[in-house]
Amino acid sequence: MTTETIAFPQGPIGHVTGRGLVLRGDDIDTDRIIPARFLKCVSFEALGEQAFADDRKELAGAHPFDQEVHKGASILVVNDNFGCGSSREHAPQALMRWGIRAVIGVSYAEIFHGNCLALGIPCAIASADEIHALQDAVEADPAADWTLDLQALTFSDGSTSQSISVASGALDMLRTGQWDATGQLVARDAELTRTMAALPYLHGF
Amino acid sequence: MSSGTLYDKVWDLHCVADLPGGATQLFIGLHLIHEVTSPQAFAALDDKGLPVRCPERTVATVDHIVPTISQVRPFSDPLAEEMLSTLERNCARHGITLNGLGSGRQGIVHVIAPELGLTQPGMTVACGDSHTSTHGAFGAIAFGIGTSQVRDVLASQSLAMSKLKVRRIWVENRLADGVFAKDLILHVIRTLGVKAGVGYAYEFAGPAIEVLSMEERMTLCNMAIEGGARCGYVNPDQITFDYLQGRAEAPSAAIWDRAVAWWSSLASDADASFDDEVRFDAATIAPTVTWGITPGQGIGVDERVPISDQLDPADRPIAEEAYRYMDLAPGQPIEGVPVDVCFIGSCTNGRLSDLQAAAAVARGRHVAEGIKAFVVPGSEQVARAAIQEGLDQVFREAGFEWREPGCSMCLAMNPDRLEGSQISASSSNRNFKGRQGSASGRTLLMSPAMVAAAAIAGRVSDVRQLS
């Protein structure tokens, strides 16, 4: 099931507001987020429906991504080493196309974190105890709206407010809109040409 | 802060600019692409109206989705056919070399680039596949990237990257007979854990590393990412230069000496400083097998599945999950665990020396009754060399199937997959739940020689004890 399409992230991101959804467990890997057999696609469009396909099949309707009460939720609350395994961007793409716009957890695999940043999806961090408390709070009221505020660095539902952090380079890029990397890189072509001119293996040593 | 390491030197050479937000724009010397992570990147390039910046620094092949039994086109899987057709169209449009089926050069991307002499010391190498770390074996900075970054490299031949710290993994003495680079890296990951390398490049160094062949160095660096380290590398040396000499895309004879001189200058300085160092003794390492559902859950073949109490508290929940999923009991010896399917291949262990090691075990013996065993050479070139030595015959006579090159059952994006709760002995790199194509399939990772031993015995066996 997918959400009504809410716009994909673009430009400067100051905050993400939406309903929360909890996925408990450490080391949730990319093969679970999107099983490899769904990578056989030339377009990302259909990936949203297949997020956590095998976990959802195993839980036969009990998985949070299958529950009606979570339809339209956009903020994922996870534990440790979320997104470990493959470099495939299909994993955050599947989450984004399901409707996720932000993740908050204890830690992330490096490539997954980079892939989320490239899509404009903030990955916020809090301690293991703080995350457990947030997971309990989010599960207690699935209809509540939460706001991940990247200026104040808080995650709050209006009554509970938890201070969070985001990796400093990523934070700046999200706030300024510079997470949209391609334009920035293409703009520096003169410098690129100079770097290439000085590399021995490009010029017969 | 590291300084004077190969990582520092190669990083500095490739810096284009400092970017707002603190990352560095890094020139990519070699961009490898394949059919899975490139279609959307090319589509995004079209959306932005941009051309490919350096088609001549971009090399393509097809590997993840190819069948290993019949490679006749169109493939019976329409999605696989569409992915390959899309890659063919994109390469043709942009003037990118595609080493496709039947070209004589097709294979797993991390197998073909080294054997063609494309991967060289001192380069930065990027590919939309996490096992790109393999190419670090040549003294390159090589790492996996996501599809949006593939788009960025196509558009600008560069990436926004943050510099990693460098941890030296120093390995004393030598690996014993019957113990290979695969065992070494599984041992490193079991010791340090699957997250220890996050934020680090691993430099593999020391006496045990210096005597490893290039193919063994590739196995080692291939799995650095499974320990969390996005890059793994070995300093280039005479073994590196001898491997490269004469290869199709390696520097020609006329400039060879200059190339070697420059490559030699890249090795970490004797007084280089590292952010961290960990030491291992190669002589103490046994053939290592993963028993669980992460690459970090490895044990020596003579050990038992760990008991929860023996584990770090942080590792207990996933161990409990692994006992249940793998249907293995804490305290159970790993030796003797029956297997159903035996797979030799993958970017980790699909090269000629891997097939030679497995064939040495298989020669004169036969796969046990009821076992499905198959060998997938990593590339057309590997297959040709293996056939020339008669390895295909050795395997067939022993009851193994001999297949066409591709990623095969490492990740089952092609017809090769486990069924139901089958358990495999596999020379690949990941044992996550469902990895090999069945939602309840189970994977035991090990070296190619150990896979061959398991196929012969029908169960996990200590290859050192075969007469």
# chains A, B, ... in the order shown; residues from 1 in each chain; ligands from 1
>>> closest_atom_pairs(of="chain A", to="chain B", cutoff="7 Å", atoms="only C-alpha atoms", output="tab-separated table")
residue	atom	partner	partner_atom	distance
A:Asp31	CA	B:Arg435	CA	6.5
A:Ala36	CA	B:Met413	CA	6.0
A:Arg37	CA	B:Met413	CA	5.0
A:Leu39	CA	B:Val36	CA	6.7
A:Lys40	CA	B:Leu79	CA	6.0
A:Cys41	CA	B:Leu79	CA	6.4
A:Val42	CA	B:Pro39	CA	5.3
A:Ser43	CA	B:Gln40	CA	5.9
A:Asp54	CA	B:Ala439	CA	6.2
A:Ser86	CA	B:Ser130	CA	5.5
A:Ser87	CA	B:Ser130	CA	4.8
A:Arg88	CA	B:Gly146	CA	5.3
A:Glu89	CA	B:Gly146	CA	4.7
A:Glu110	CA	B:Val198	CA	6.3
A:Asn115	CA	B:Gly146	CA	6.0
A:Ala118	CA	B:Ser148	CA	6.6
A:Gly169	CA	B:Gly21	CA	5.1
A:Asp172	CA	B:Gly21	CA	5.5
A:Met173	CA	B:Gly21	CA	5.7
A:Thr182	CA	B:Asp152	CA	5.2
A:Leu185	CA	B:Ser156	CA	6.1
A:Val186	CA	B:Ser156	CA	5.2
A:Glu191	CA	B:Val16	CA	5.8
A:Leu192	CA	B:Val16	CA	5.5
A:Thr195	CA	B:Val16	CA	5.9
A:Gly204	CA	B:Ile255	CA	6.6
A:Phe205	CA	B:Ala259	CA	5.7
>>> write_last_selection(atoms="C-alpha atoms", output="PDB file, in the first residue's frame")
ATOM      1  CA  ASP A  31      17.842  -6.728   1.903  1.00  0.00           C
ATOM      2  CA  ALA A  36      16.970  -7.908  -4.030  1.00  0.00           C
ATOM      3  CA  ARG A  37      14.431  -9.410  -6.395  1.00  0.00           C
ATOM      4  CA  LEU A  39      15.906  -4.293  -7.704  1.00  0.00           C
ATOM      5  CA  LYS A  40      15.154  -5.629 -11.151  1.00  0.00           C
ATOM      6  CA  CYS A  41      13.438  -2.450 -12.238  1.00  0.00           C
ATOM      7  CA  VAL A  42      14.489   0.309 -14.546  1.00  0.00           C
ATOM      8  CA  SER A  43      12.333   2.829 -12.723  1.00  0.00           C
ATOM      9  CA  ASP A  54       9.499 -10.214   3.027  1.00  0.00           C
ATOM     10  CA  SER A  86      24.158  -2.941   0.362  1.00  0.00           C
ATOM     11  CA  SER A  87      24.909   0.431  -1.205  1.00  0.00           C
ATOM     12  CA  ARG A  88      21.703   0.171  -3.207  1.00  0.00           C
ATOM     13  CA  GLU A  89      19.778   3.404  -3.207  1.00  0.00           C
ATOM     14  CA  GLU A 110      27.235   5.034   6.216  1.00  0.00           C
ATOM     15  CA  ASN A 115      21.773   7.792   0.085  1.00  0.00           C
ATOM     16  CA  ALA A 118      21.023  12.516  -1.517  1.00  0.00           C
ATOM     17  CA  GLY A 169      27.699  18.182   7.191  1.00  0.00           C
ATOM     18  CA  ASP A 172      23.930  22.056   6.762  1.00  0.00           C
ATOM     19  CA  MET A 173      23.168  20.541   3.379  1.00  0.00           C
ATOM     20  CA  THR A 182      24.497  17.307  -8.992  1.00  0.00           C
ATOM     21  CA  LEU A 185      29.359  19.391  -8.802  1.00  0.00           C
ATOM     22  CA  VAL A 186      28.687  20.316 -12.409  1.00  0.00           C
ATOM     23  CA  GLU A 191      38.467  23.053 -11.197  1.00  0.00           C
ATOM     24  CA  LEU A 192      37.734  19.474 -12.318  1.00  0.00           C
ATOM     25  CA  THR A 195      42.587  18.244 -11.216  1.00  0.00           C
ATOM     26  CA  GLY A 204      50.701   8.470 -19.717  1.00  0.00           C
ATOM     27  CA  PHE A 205      52.532   9.108 -16.431  1.00  0.00           C
TER      28      PHE A 205
END
>>> residues_around(residues="B:Pro207", least_positions_apart="5", cutoff="7 Å", atoms="only C-alpha atoms", output="count of residues only")
4
>>> atom_distance(atom1="atom CA of A:Glu139", atom2="atom CA of A:Asp29")
22.1 Å
>>> residues_around(residues="A:Thr17", least_positions_apart="2", cutoff="10 Å", atoms="only C-alpha atoms", output="PyMOL selection string")
chain A and resi 15+19-20+73-75+101-102+145-149+155-157
>>> residues_around(residues="A:Ile13", least_positions_apart="5", cutoff="12 Å", atoms="only C-alpha atoms", output="list in words")
Phe8, Arg101, Ala102, Leu117, Leu119, Gly120, Ile121, Pro122, Leu148, Asp149, Leu150, Gln151, Ala170, Leu171, Asp172, Met173, Leu174, Arg175, Thr176, Gly177, Gln178, Trp179 and Asp180 of chain A
>>> write_last_selection(atoms="N, CA and C atoms", output="PDB file, in the first residue's frame")
ATOM      1  N   PHE A   8       8.000  14.889  -3.256  1.00  0.00           N
ATOM      2  CA  PHE A   8       9.338  14.463  -2.878  1.00  0.00           C
ATOM      3  C   PHE A   8      10.091  15.669  -2.327  1.00  0.00           C
ATOM      4  N   ARG A 101       9.551  10.535   4.989  1.00  0.00           N
ATOM      5  CA  ARG A 101      10.242  11.785   4.697  1.00  0.00           C
ATOM      6  C   ARG A 101      11.334  12.081   5.706  1.00  0.00           C
ATOM      7  N   ALA A 102      11.411  11.297   6.792  1.00  0.00           N
ATOM      8  CA  ALA A 102      12.485  11.487   7.774  1.00  0.00           C
ATOM      9  C   ALA A 102      12.627  10.206   8.585  1.00  0.00           C
ATOM     10  N   LEU A 117      20.514  11.242   2.436  1.00  0.00           N
ATOM     11  CA  LEU A 117      20.849  12.653   2.271  1.00  0.00           C
ATOM     12  C   LEU A 117      20.686  13.075   0.822  1.00  0.00           C
ATOM     13  N   LEU A 119      18.646  12.117  -1.191  1.00  0.00           N
ATOM     14  CA  LEU A 119      17.218  12.222  -1.523  1.00  0.00           C
ATOM     15  C   LEU A 119      16.525  13.317  -0.716  1.00  0.00           C
ATOM     16  N   GLY A 120      17.250  13.933   0.212  1.00  0.00           N
ATOM     17  CA  GLY A 120      16.630  14.957   1.055  1.00  0.00           C
ATOM     18  C   GLY A 120      15.838  14.378   2.212  1.00  0.00           C
ATOM     19  N   ILE A 121      16.222  13.166   2.662  1.00  0.00           N
ATOM     20  CA  ILE A 121      15.555  12.545   3.802  1.00  0.00           C
ATOM     21  C   ILE A 121      16.470  12.661   5.018  1.00  0.00           C
ATOM     22  N   PRO A 122      16.110  13.483   6.017  1.00  0.00           N
ATOM     23  CA  PRO A 122      16.970  13.635   7.199  1.00  0.00           C
ATOM     24  C   PRO A 122      17.029  12.340   8.003  1.00  0.00           C
ATOM     25  N   LEU A 148       9.983  16.902  13.163  1.00  0.00           N
ATOM     26  CA  LEU A 148      11.443  16.889  13.264  1.00  0.00           C
ATOM     27  C   LEU A 148      11.891  18.287  12.833  1.00  0.00           C
ATOM     28  N   ASP A 149      12.394  19.064  13.782  1.00  0.00           N
ATOM     29  CA  ASP A 149      12.755  20.455  13.516  1.00  0.00           C
ATOM     30  C   ASP A 149      14.280  20.549  13.355  1.00  0.00           C
ATOM     31  N   LEU A 150      14.736  20.867  12.142  1.00  0.00           N
ATOM     32  CA  LEU A 150      16.177  20.888  11.872  1.00  0.00           C
ATOM     33  C   LEU A 150      16.835  22.206  12.261  1.00  0.00           C
ATOM     34  N   GLN A 151      16.048  23.200  12.624  1.00  0.00           N
ATOM     35  CA  GLN A 151      16.642  24.446  13.134  1.00  0.00           C
ATOM     36  C   GLN A 151      16.837  24.301  14.639  1.00  0.00           C
ATOM     37  N   ALA A 170      25.678  16.890   6.935  1.00  0.00           N
ATOM     38  CA  ALA A 170      24.352  16.594   6.388  1.00  0.00           C
ATOM     39  C   ALA A 170      23.351  17.668   6.807  1.00  0.00           C
ATOM     40  N   LEU A 171      23.439  18.109   8.063  1.00  0.00           N
ATOM     41  CA  LEU A 171      22.482  19.091   8.580  1.00  0.00           C
ATOM     42  C   LEU A 171      22.523  20.370   7.764  1.00  0.00           C
ATOM     43  N   ASP A 172      23.756  20.824   7.519  1.00  0.00           N
ATOM     44  CA  ASP A 172      23.930  22.056   6.762  1.00  0.00           C
ATOM     45  C   ASP A 172      23.357  21.912   5.356  1.00  0.00           C
ATOM     46  N   MET A 173      23.632  20.756   4.752  1.00  0.00           N
ATOM     47  CA  MET A 173      23.168  20.541   3.379  1.00  0.00           C
ATOM     48  C   MET A 173      21.644  20.492   3.310  1.00  0.00           C
ATOM     49  N   LEU A 174      21.030  19.864   4.299  1.00  0.00           N
ATOM     50  CA  LEU A 174      19.568  19.800   4.309  1.00  0.00           C
ATOM     51  C   LEU A 174      18.984  21.194   4.470  1.00  0.00           C
ATOM     52  N   ARG A 175      19.524  21.953   5.424  1.00  0.00           N
ATOM     53  CA  ARG A 175      18.976  23.288   5.711  1.00  0.00           C
ATOM     54  C   ARG A 175      19.126  24.235   4.523  1.00  0.00           C
ATOM     55  N   THR A 176      20.276  24.138   3.822  1.00  0.00           N
ATOM     56  CA  THR A 176      20.558  25.090   2.748  1.00  0.00           C
ATOM     57  C   THR A 176      20.038  24.642   1.395  1.00  0.00           C
ATOM     58  N   GLY A 177      19.613  23.375   1.275  1.00  0.00           N
ATOM     59  CA  GLY A 177      19.196  22.862  -0.027  1.00  0.00           C
ATOM     60  C   GLY A 177      20.363  22.310  -0.837  1.00  0.00           C
ATOM     61  N   GLN A 178      21.559  22.317  -0.252  1.00  0.00           N
ATOM     62  CA  GLN A 178      22.722  21.845  -1.001  1.00  0.00           C
ATOM     63  C   GLN A 178      22.799  20.323  -1.089  1.00  0.00           C
ATOM     64  N   TRP A 179      21.831  19.624  -0.452  1.00  0.00           N
ATOM     65  CA  TRP A 179      21.804  18.161  -0.563  1.00  0.00           C
ATOM     66  C   TRP A 179      21.561  17.747  -2.016  1.00  0.00           C
ATOM     67  N   ASP A 180      21.076  18.668  -2.817  1.00  0.00           N
ATOM     68  CA  ASP A 180      20.874  18.364  -4.234  1.00  0.00           C
ATOM     69  C   ASP A 180      22.231  18.513  -4.911  1.00  0.00           C
TER      70      ASP A 180
END
>>> atom_distance(atom1="atom CA of A:Gly14", atom2="atom CA of A:Ala152")
9.2 Å
>>> atom_distance(atom1="atom CA of B:Arg89", atom2="atom CA of B:Arg417")
28.5 Å
>>> residues_around(residues="A:Ile33", least_positions_apart="2", cutoff="7 Å", atoms="only C-alpha atoms", output="PyMOL selection string")
chain A and resi 29-31+35+51-52+91
>>> write_last_selection(atoms="C-alpha atoms", output="PDB file, in the first residue's frame")
ATOM      1  CA  ASP A  29      19.532  -4.342   6.548  1.00  0.00           C
ATOM      2  CA  THR A  30      18.843  -3.212   3.000  1.00  0.00           C
ATOM      3  CA  ASP A  31      17.842  -6.728   1.903  1.00  0.00           C
ATOM      4  CA  PRO A  35      14.516  -7.532  -1.141  1.00  0.00           C
ATOM      5  CA  ALA A  51       9.203  -1.857   1.079  1.00  0.00           C
ATOM      6  CA  PHE A  52       9.818  -4.605   3.690  1.00  0.00           C
ATOM      7  CA  ALA A  91      16.368   1.000  -0.079  1.00  0.00           C
TER       8      ALA A  91
END
>>> closest_residue(among="B:His135, B:Lys165, B:Lys182, B:Arg316", to="B:Glu115", atoms="only C-alpha atoms")
B:His135
>>> select_by_dssp(residues="stretch 244-419 of chain B", states="helix (DSSP H, G or I)", output="count of residues only")
67
>>> residues_around(residues="stretch 275-278 of chain B", least_positions_apart="4", cutoff="8 Å", atoms="only C-alpha atoms", output="PyMOL selection string")
chain B and resi 1-2+165-170
>>> write_last_selection(atoms="C-alpha atoms", output="compact mmCIF listing (two decimals), in the first residue's frame")
# COMPACT_ATOMS: atom_id res chain seq x y z
CA MET B 1 43.83 12.42 11.67
CA SER B 2 45.81 10.16 9.39
CA LYS B 165 39.64 7.99 8.95
CA VAL B 166 42.17 5.22 8.34
CA ARG B 167 42.53 2.11 10.49
CA ARG B 168 45.48 -0.13 9.78
CA ILE B 169 44.74 -3.84 10.06
CA TRP B 170 48.21 -5.28 10.64
>>> residues_around(residues="A:Phe44", least_positions_apart="5", cutoff="8 Å", atoms="only C-alpha atoms", output="ChimeraX atom specification")
/A:90,93-94 /B:40
>>> closest_residue(among="B:Ala60, B:Ala360, B:Ala267, B:Ala272", to="B:Val463", atoms="only C-alpha atoms")
B:Ala360
>>> closest_residue(among="B:Pro313, B:Gly378, B:Gly100, B:Gly331", to="B:Ile299", atoms="only C-alpha atoms")
B:Gly331
